[in-house]
Amino acid sequence: MIELIGILLVVQGAGGLINRLAGAEHPSWFVQLHLLPPHLHVIASLVLLGAGVAVLFAHRARNRRRG
């Protein structure tokens with residue numbers, strides 16, 4: 001379940017970031033692009049991407065410690 005959350009955060013963050021950097025006018029299905037004002041889109045996408053990567057790395061490290 002934790003992996004799924006991490007993957008969803010990475011997809012939302014990376015997709016939203018690509019959407020904004022490509023100059024797309026439509027927010028598509030990226031949640032942060034629908035909820036936040038335009039000046040926060042890139043920052044929110046980077047935060048979501050970073051959070052997703054952090055969750056995935058933490059989960060992987062935890063599984064390695066368990067054996």
# chains A, B, ... in the order shown; residues from 1 in each chain; ligands from 1
>>> residues_around(residues="Ile18 (chain A)", least_positions_apart="2", cutoff="12 Å", atoms="only C-alpha atoms", output="PyMOL selection string")
chain A and resi 10-16+20-25+27-28+30+33+41-42+45-46+49
>>> write_last_selection(atoms="N, CA and C atoms", output="PDB file, in the first residue's frame")
ATOM      1  N   VAL A  10       4.650  10.227  -7.170  1.00  0.00           N
ATOM      2  CA  VAL A  10       5.643  10.451  -8.232  1.00  0.00           C
ATOM      3  C   VAL A  10       4.941  10.761  -9.554  1.00  0.00           C
ATOM      4  N   VAL A  11       3.921   9.993  -9.889  1.00  0.00           N
ATOM      5  CA  VAL A  11       3.209  10.204 -11.157  1.00  0.00           C
ATOM      6  C   VAL A  11       2.530  11.571 -11.178  1.00  0.00           C
ATOM      7  N   GLN A  12       1.861  11.925 -10.091  1.00  0.00           N
ATOM      8  CA  GLN A  12       1.195  13.231 -10.029  1.00  0.00           C
ATOM      9  C   GLN A  12       2.220  14.367 -10.108  1.00  0.00           C
ATOM     10  N   GLY A  13       3.304  14.237  -9.363  1.00  0.00           N
ATOM     11  CA  GLY A  13       4.315  15.292  -9.357  1.00  0.00           C
ATOM     12  C   GLY A  13       5.031  15.430 -10.686  1.00  0.00           C
ATOM     13  N   ALA A  14       5.522  14.325 -11.219  1.00  0.00           N
ATOM     14  CA  ALA A  14       6.260  14.370 -12.489  1.00  0.00           C
ATOM     15  C   ALA A  14       5.343  14.772 -13.644  1.00  0.00           C
ATOM     16  N   GLY A  15       4.157  14.208 -13.672  1.00  0.00           N
ATOM     17  CA  GLY A  15       3.215  14.546 -14.742  1.00  0.00           C
ATOM     18  C   GLY A  15       2.791  16.006 -14.704  1.00  0.00           C
ATOM     19  N   GLY A  16       2.505  16.496 -13.510  1.00  0.00           N
ATOM     20  CA  GLY A  16       2.129  17.908 -13.378  1.00  0.00           C
ATOM     21  C   GLY A  16       3.268  18.832 -13.763  1.00  0.00           C
ATOM     22  N   ARG A  20       3.230  21.489 -16.904  1.00  0.00           N
ATOM     23  CA  ARG A  20       3.495  22.930 -16.766  1.00  0.00           C
ATOM     24  C   ARG A  20       4.697  23.357 -17.598  1.00  0.00           C
ATOM     25  N   LEU A  21       5.773  22.582 -17.579  1.00  0.00           N
ATOM     26  CA  LEU A  21       6.978  22.961 -18.317  1.00  0.00           C
ATOM     27  C   LEU A  21       6.756  22.891 -19.824  1.00  0.00           C
ATOM     28  N   ALA A  22       5.863  22.017 -20.280  1.00  0.00           N
ATOM     29  CA  ALA A  22       5.555  21.913 -21.705  1.00  0.00           C
ATOM     30  C   ALA A  22       4.621  23.033 -22.152  1.00  0.00           C
ATOM     31  N   GLY A  23       4.068  23.755 -21.183  1.00  0.00           N
ATOM     32  CA  GLY A  23       3.198  24.881 -21.520  1.00  0.00           C
ATOM     33  C   GLY A  23       1.784  24.490 -21.857  1.00  0.00           C
ATOM     34  N   ALA A  24       1.355  23.318 -21.417  1.00  0.00           N
ATOM     35  CA  ALA A  24      -0.017  22.878 -21.697  1.00  0.00           C
ATOM     36  C   ALA A  24      -1.003  23.789 -20.982  1.00  0.00           C
ATOM     37  N   GLU A  25      -2.064  24.111 -21.637  1.00  0.00           N
ATOM     38  CA  GLU A  25      -3.084  24.992 -21.067  1.00  0.00           C
ATOM     39  C   GLU A  25      -4.067  24.224 -20.189  1.00  0.00           C
ATOM     40  N   PRO A  27      -5.168  21.420 -17.426  1.00  0.00           N
ATOM     41  CA  PRO A  27      -4.521  20.772 -16.286  1.00  0.00           C
ATOM     42  C   PRO A  27      -4.559  19.249 -16.330  1.00  0.00           C
ATOM     43  N   SER A  28      -5.258  18.670 -17.294  1.00  0.00           N
ATOM     44  CA  SER A  28      -5.337  17.226 -17.445  1.00  0.00           C
ATOM     45  C   SER A  28      -5.884  16.607 -16.163  1.00  0.00           C
ATOM     46  N   PHE A  30      -4.044  15.927 -13.373  1.00  0.00           N
ATOM     47  CA  PHE A  30      -3.122  16.153 -12.263  1.00  0.00           C
ATOM     48  C   PHE A  30      -3.806  17.003 -11.197  1.00  0.00           C
ATOM     49  N   LEU A  33      -2.916  20.645 -10.161  1.00  0.00           N
ATOM     50  CA  LEU A  33      -3.182  21.665 -11.177  1.00  0.00           C
ATOM     51  C   LEU A  33      -4.643  22.111 -11.152  1.00  0.00           C
ATOM     52  N   HIS A  41       1.805  25.842  -9.211  1.00  0.00           N
ATOM     53  CA  HIS A  41       1.798  24.556  -9.896  1.00  0.00           C
ATOM     54  C   HIS A  41       3.167  23.878  -9.924  1.00  0.00           C
ATOM     55  N   VAL A  42       4.192  24.586 -10.336  1.00  0.00           N
ATOM     56  CA  VAL A  42       5.523  23.975 -10.451  1.00  0.00           C
ATOM     57  C   VAL A  42       6.044  23.585  -9.078  1.00  0.00           C
ATOM     58  N   SER A  45       4.178  20.530  -7.805  1.00  0.00           N
ATOM     59  CA  SER A  45       4.582  19.342  -8.543  1.00  0.00           C
ATOM     60  C   SER A  45       5.938  18.836  -8.054  1.00  0.00           C
ATOM     61  N   LEU A  46       6.867  19.750  -7.812  1.00  0.00           N
ATOM     62  CA  LEU A  46       8.170  19.345  -7.286  1.00  0.00           C
ATOM     63  C   LEU A  46       8.062  18.736  -5.888  1.00  0.00           C
ATOM     64  N   LEU A  49       6.561  15.233  -6.262  1.00  0.00           N
ATOM     65  CA  LEU A  49       7.580  14.342  -6.811  1.00  0.00           C
ATOM     66  C   LEU A  49       8.602  13.971  -5.740  1.00  0.00           C
TER      67      LEU A  49
END
>>> select_by_dssp(residues="region 15-55 of chain A", states="alpha helix (DSSP H)", output="PyMOL selection string")
chain A and resi 15-21+31-35+41-55
>>> residues_around(residues="Leu4 (chain A)", least_positions_apart="5", cutoff="10 Å", atoms="only C-alpha atoms", output="PDB file with N, CA and C atoms, in the first residue's frame")
ATOM      1  N   LEU A   9       2.213   9.552  -5.917  1.00  0.00           N
ATOM      2  CA  LEU A   9       2.812  10.869  -5.696  1.00  0.00           C
ATOM      3  C   LEU A   9       3.827  11.201  -6.794  1.00  0.00           C
ATOM      4  N   VAL A  10       4.650  10.227  -7.170  1.00  0.00           N
ATOM      5  CA  VAL A  10       5.643  10.451  -8.232  1.00  0.00           C
ATOM      6  C   VAL A  10       4.941  10.761  -9.554  1.00  0.00           C
ATOM      7  N   GLY A  52       7.024  11.627  -3.138  1.00  0.00           N
ATOM      8  CA  GLY A  52       6.877  10.275  -3.671  1.00  0.00           C
ATOM      9  C   GLY A  52       8.186   9.517  -3.686  1.00  0.00           C
ATOM     10  N   VAL A  55       9.086   8.581  -0.089  1.00  0.00           N
ATOM     11  CA  VAL A  55       8.281   7.451   0.398  1.00  0.00           C
ATOM     12  C   VAL A  55       8.803   6.143  -0.177  1.00  0.00           C
ATOM     13  N   LEU A  56       9.103   6.133  -1.460  1.00  0.00           N
ATOM     14  CA  LEU A  56       9.590   4.899  -2.084  1.00  0.00           C
ATOM     15  C   LEU A  56      10.957   4.482  -1.551  1.00  0.00           C
TER      16      LEU A  56
END
>>> atom_distance(atom1="CA of Ile43 (chain A)", atom2="CA of Glu3 (chain A)")
23.0 Å
>>> residues_around(residues="Ala54 (chain A)", least_positions_apart="6", cutoff="12 Å", atoms="only C-alpha atoms", output="list in words")
Ile2, Glu3, Ile5, Gly6, Ile7, Leu9, Val10, Val47, Leu48, Arg60 and Ala61 of chain A
>>> write_last_selection(atoms="N, CA and C atoms", output="PDB file, in the first residue's frame")
ATOM      1  N   ILE A   2       1.926   1.241   0.793  1.00  0.00           N
ATOM      2  CA  ILE A   2       2.837   2.396   0.851  1.00  0.00           C
ATOM      3  C   ILE A   2       3.486   2.623  -0.512  1.00  0.00           C
ATOM      4  N   GLU A   3       3.841   1.531  -1.188  1.00  0.00           N
ATOM      5  CA  GLU A   3       4.443   1.673  -2.519  1.00  0.00           C
ATOM      6  C   GLU A   3       3.477   2.346  -3.488  1.00  0.00           C
ATOM      7  N   ILE A   5       1.105   4.487  -2.795  1.00  0.00           N
ATOM      8  CA  ILE A   5       1.054   5.910  -2.470  1.00  0.00           C
ATOM      9  C   ILE A   5       2.280   6.623  -3.032  1.00  0.00           C
ATOM     10  N   GLY A   6       3.460   6.036  -2.871  1.00  0.00           N
ATOM     11  CA  GLY A   6       4.678   6.628  -3.414  1.00  0.00           C
ATOM     12  C   GLY A   6       4.631   6.768  -4.925  1.00  0.00           C
ATOM     13  N   ILE A   7       4.153   5.724  -5.587  1.00  0.00           N
ATOM     14  CA  ILE A   7       4.063   5.757  -7.050  1.00  0.00           C
ATOM     15  C   ILE A   7       3.056   6.821  -7.502  1.00  0.00           C
ATOM     16  N   LEU A   9       2.213   9.552  -5.917  1.00  0.00           N
ATOM     17  CA  LEU A   9       2.812  10.869  -5.696  1.00  0.00           C
ATOM     18  C   LEU A   9       3.827  11.201  -6.794  1.00  0.00           C
ATOM     19  N   VAL A  10       4.650  10.227  -7.170  1.00  0.00           N
ATOM     20  CA  VAL A  10       5.643  10.451  -8.232  1.00  0.00           C
ATOM     21  C   VAL A  10       4.941  10.761  -9.554  1.00  0.00           C
ATOM     22  N   VAL A  47       7.196  19.314  -5.060  1.00  0.00           N
ATOM     23  CA  VAL A  47       7.000  18.781  -3.707  1.00  0.00           C
ATOM     24  C   VAL A  47       6.393  17.375  -3.769  1.00  0.00           C
ATOM     25  N   LEU A  48       5.392  17.183  -4.617  1.00  0.00           N
ATOM     26  CA  LEU A  48       4.779  15.859  -4.759  1.00  0.00           C
ATOM     27  C   LEU A  48       5.783  14.841  -5.287  1.00  0.00           C
ATOM     28  N   ARG A  60      11.745   1.127   0.682  1.00  0.00           N
ATOM     29  CA  ARG A  60      12.771   0.182   0.238  1.00  0.00           C
ATOM     30  C   ARG A  60      13.809  -0.048   1.331  1.00  0.00           C
ATOM     31  N   ALA A  61      14.237   1.012   1.995  1.00  0.00           N
ATOM     32  CA  ALA A  61      15.214   0.889   3.080  1.00  0.00           C
ATOM     33  C   ALA A  61      14.631   0.088   4.238  1.00  0.00           C
TER      34      ALA A  61
END
>>> closest_residue(among="A:His26, A:Ala44, A:Leu8, A:Met1", to="His59 (chain A)", atoms="only C-alpha atoms")
A:Met1
>>> atom_distance(atom1="CA of Ala51 (chain A)", atom2="CA of Val31 (chain A)")
15.0 Å
>>> decode(residues="region 33-49 of chain A", atoms="all heavy atoms", output="short mmCIF file (atom, residue, chain, number, x, y, z; two decimals), in the first residue's frame")
data_model
loop_
_atom_site.label_atom_id
_atom_site.label_comp_id
_atom_site.auth_asym_id
_atom_site.auth_seq_id
_atom_site.Cartn_x
_atom_site.Cartn_y
_atom_site.Cartn_z
N LEU A 33 -2.92 20.65 -10.16
CA LEU A 33 -3.18 21.67 -11.18
C LEU A 33 -4.64 22.11 -11.15
O LEU A 33 -4.97 23.20 -11.62
CB LEU A 33 -2.80 21.15 -12.57
CG LEU A 33 -1.36 20.69 -12.74
CD1 LEU A 33 -1.11 20.28 -14.18
CD2 LEU A 33 -0.36 21.73 -12.28
N HIS A 34 -5.50 21.28 -10.61
CA HIS A 34 -6.91 21.65 -10.47
C HIS A 34 -7.17 22.41 -9.17
O HIS A 34 -8.07 23.24 -9.11
CB HIS A 34 -7.80 20.40 -10.49
CG HIS A 34 -7.95 19.80 -11.83
ND1 HIS A 34 -8.83 20.29 -12.77
CD2 HIS A 34 -7.34 18.74 -12.42
CE1 HIS A 34 -8.76 19.56 -13.87
NE2 HIS A 34 -7.86 18.61 -13.68
N LEU A 35 -6.41 22.11 -8.13
CA LEU A 35 -6.70 22.64 -6.80
C LEU A 35 -5.97 23.93 -6.46
O LEU A 35 -6.47 24.72 -5.66
CB LEU A 35 -6.35 21.60 -5.73
CG LEU A 35 -7.13 20.28 -5.79
CD1 LEU A 35 -6.63 19.33 -4.72
CD2 LEU A 35 -8.61 20.54 -5.63
N LEU A 36 -4.81 24.14 -7.02
CA LEU A 36 -3.96 25.27 -6.62
C LEU A 36 -3.95 26.37 -7.67
O LEU A 36 -4.18 26.12 -8.86
CB LEU A 36 -2.54 24.78 -6.39
CG LEU A 36 -2.38 23.74 -5.29
CD1 LEU A 36 -0.96 23.22 -5.27
CD2 LEU A 36 -2.75 24.32 -3.95
N PRO A 37 -3.63 27.59 -7.24
CA PRO A 37 -3.50 28.69 -8.21
C PRO A 37 -2.28 28.45 -9.11
O PRO A 37 -1.32 27.78 -8.71
CB PRO A 37 -3.31 29.93 -7.33
CG PRO A 37 -2.99 29.46 -5.98
CD PRO A 37 -3.46 28.05 -5.85
N PRO A 38 -2.31 28.98 -10.33
CA PRO A 38 -1.25 28.71 -11.31
C PRO A 38 0.17 29.01 -10.83
O PRO A 38 1.10 28.29 -11.22
CB PRO A 38 -1.62 29.62 -12.48
CG PRO A 38 -3.09 29.79 -12.37
CD PRO A 38 -3.38 29.79 -10.91
N HIS A 39 0.37 30.01 -10.00
CA HIS A 39 1.74 30.33 -9.60
C HIS A 39 2.33 29.28 -8.64
O HIS A 39 3.53 29.29 -8.40
CB HIS A 39 1.81 31.74 -8.99
CG HIS A 39 1.09 31.88 -7.69
ND1 HIS A 39 -0.27 32.10 -7.61
CD2 HIS A 39 1.56 31.84 -6.42
CE1 HIS A 39 -0.61 32.18 -6.33
NE2 HIS A 39 0.47 32.03 -5.59
N LEU A 40 1.53 28.37 -8.15
CA LEU A 40 2.03 27.31 -7.27
C LEU A 40 2.16 25.95 -7.95
O LEU A 40 2.61 24.98 -7.33
CB LEU A 40 1.10 27.15 -6.05
CG LEU A 40 1.05 28.32 -5.09
CD1 LEU A 40 0.03 28.05 -4.00
CD2 LEU A 40 2.41 28.58 -4.49
N HIS A 41 1.81 25.84 -9.21
CA HIS A 41 1.80 24.56 -9.90
C HIS A 41 3.17 23.88 -9.92
O HIS A 41 3.28 22.70 -9.60
CB HIS A 41 1.27 24.71 -11.32
CG HIS A 41 -0.20 24.95 -11.37
ND1 HIS A 41 -0.85 25.25 -12.54
CD2 HIS A 41 -1.15 24.96 -10.42
CE1 HIS A 41 -2.13 25.42 -12.31
NE2 HIS A 41 -2.34 25.26 -11.01
N VAL A 42 4.19 24.59 -10.34
CA VAL A 42 5.52 23.98 -10.45
C VAL A 42 6.04 23.58 -9.08
O VAL A 42 6.57 22.48 -8.90
CB VAL A 42 6.51 24.92 -11.18
CG1 VAL A 42 7.92 24.37 -11.15
CG2 VAL A 42 6.06 25.14 -12.63
N ILE A 43 5.88 24.45 -8.10
CA ILE A 43 6.36 24.15 -6.74
C ILE A 43 5.63 22.94 -6.18
O ILE A 43 6.26 22.03 -5.62
CB ILE A 43 6.17 25.38 -5.83
CG1 ILE A 43 7.05 26.52 -6.32
CG2 ILE A 43 6.46 25.04 -4.38
CD1 ILE A 43 6.74 27.86 -5.69
N ALA A 44 4.32 22.89 -6.33
CA ALA A 44 3.54 21.77 -5.81
C ALA A 44 3.93 20.47 -6.51
O ALA A 44 4.03 19.42 -5.87
CB ALA A 44 2.05 22.03 -5.99
N SER A 45 4.18 20.53 -7.81
CA SER A 45 4.58 19.34 -8.54
C SER A 45 5.94 18.84 -8.05
O SER A 45 6.14 17.62 -7.89
CB SER A 45 4.63 19.64 -10.04
OG SER A 45 3.34 19.92 -10.52
N LEU A 46 6.87 19.75 -7.81
CA LEU A 46 8.17 19.35 -7.29
C LEU A 46 8.06 18.74 -5.89
O LEU A 46 8.72 17.75 -5.58
CB LEU A 46 9.12 20.54 -7.26
CG LEU A 46 9.64 21.01 -8.62
CD1 LEU A 46 10.39 22.33 -8.47
CD2 LEU A 46 10.51 19.95 -9.25
N VAL A 47 7.20 19.31 -5.06
CA VAL A 47 7.00 18.78 -3.71
C VAL A 47 6.39 17.38 -3.77
O VAL A 47 6.84 16.47 -3.06
CB VAL A 47 6.11 19.74 -2.87
CG1 VAL A 47 5.66 19.09 -1.58
CG2 VAL A 47 6.87 21.02 -2.59
N LEU A 48 5.39 17.18 -4.62
CA LEU A 48 4.78 15.86 -4.76
C LEU A 48 5.78 14.84 -5.29
O LEU A 48 5.84 13.70 -4.81
CB LEU A 48 3.57 15.92 -5.68
CG LEU A 48 2.31 16.55 -5.12
CD1 LEU A 48 1.25 16.68 -6.20
CD2 LEU A 48 1.79 15.76 -3.95
N LEU A 49 6.56 15.23 -6.26
CA LEU A 49 7.58 14.34 -6.81
C LEU A 49 8.60 13.97 -5.74
O LEU A 49 8.93 12.79 -5.57
CB LEU A 49 8.28 15.01 -8.00
CG LEU A 49 9.40 14.23 -8.69
CD1 LEU A 49 8.88 12.92 -9.25
CD2 LEU A 49 10.00 15.08 -9.80
#
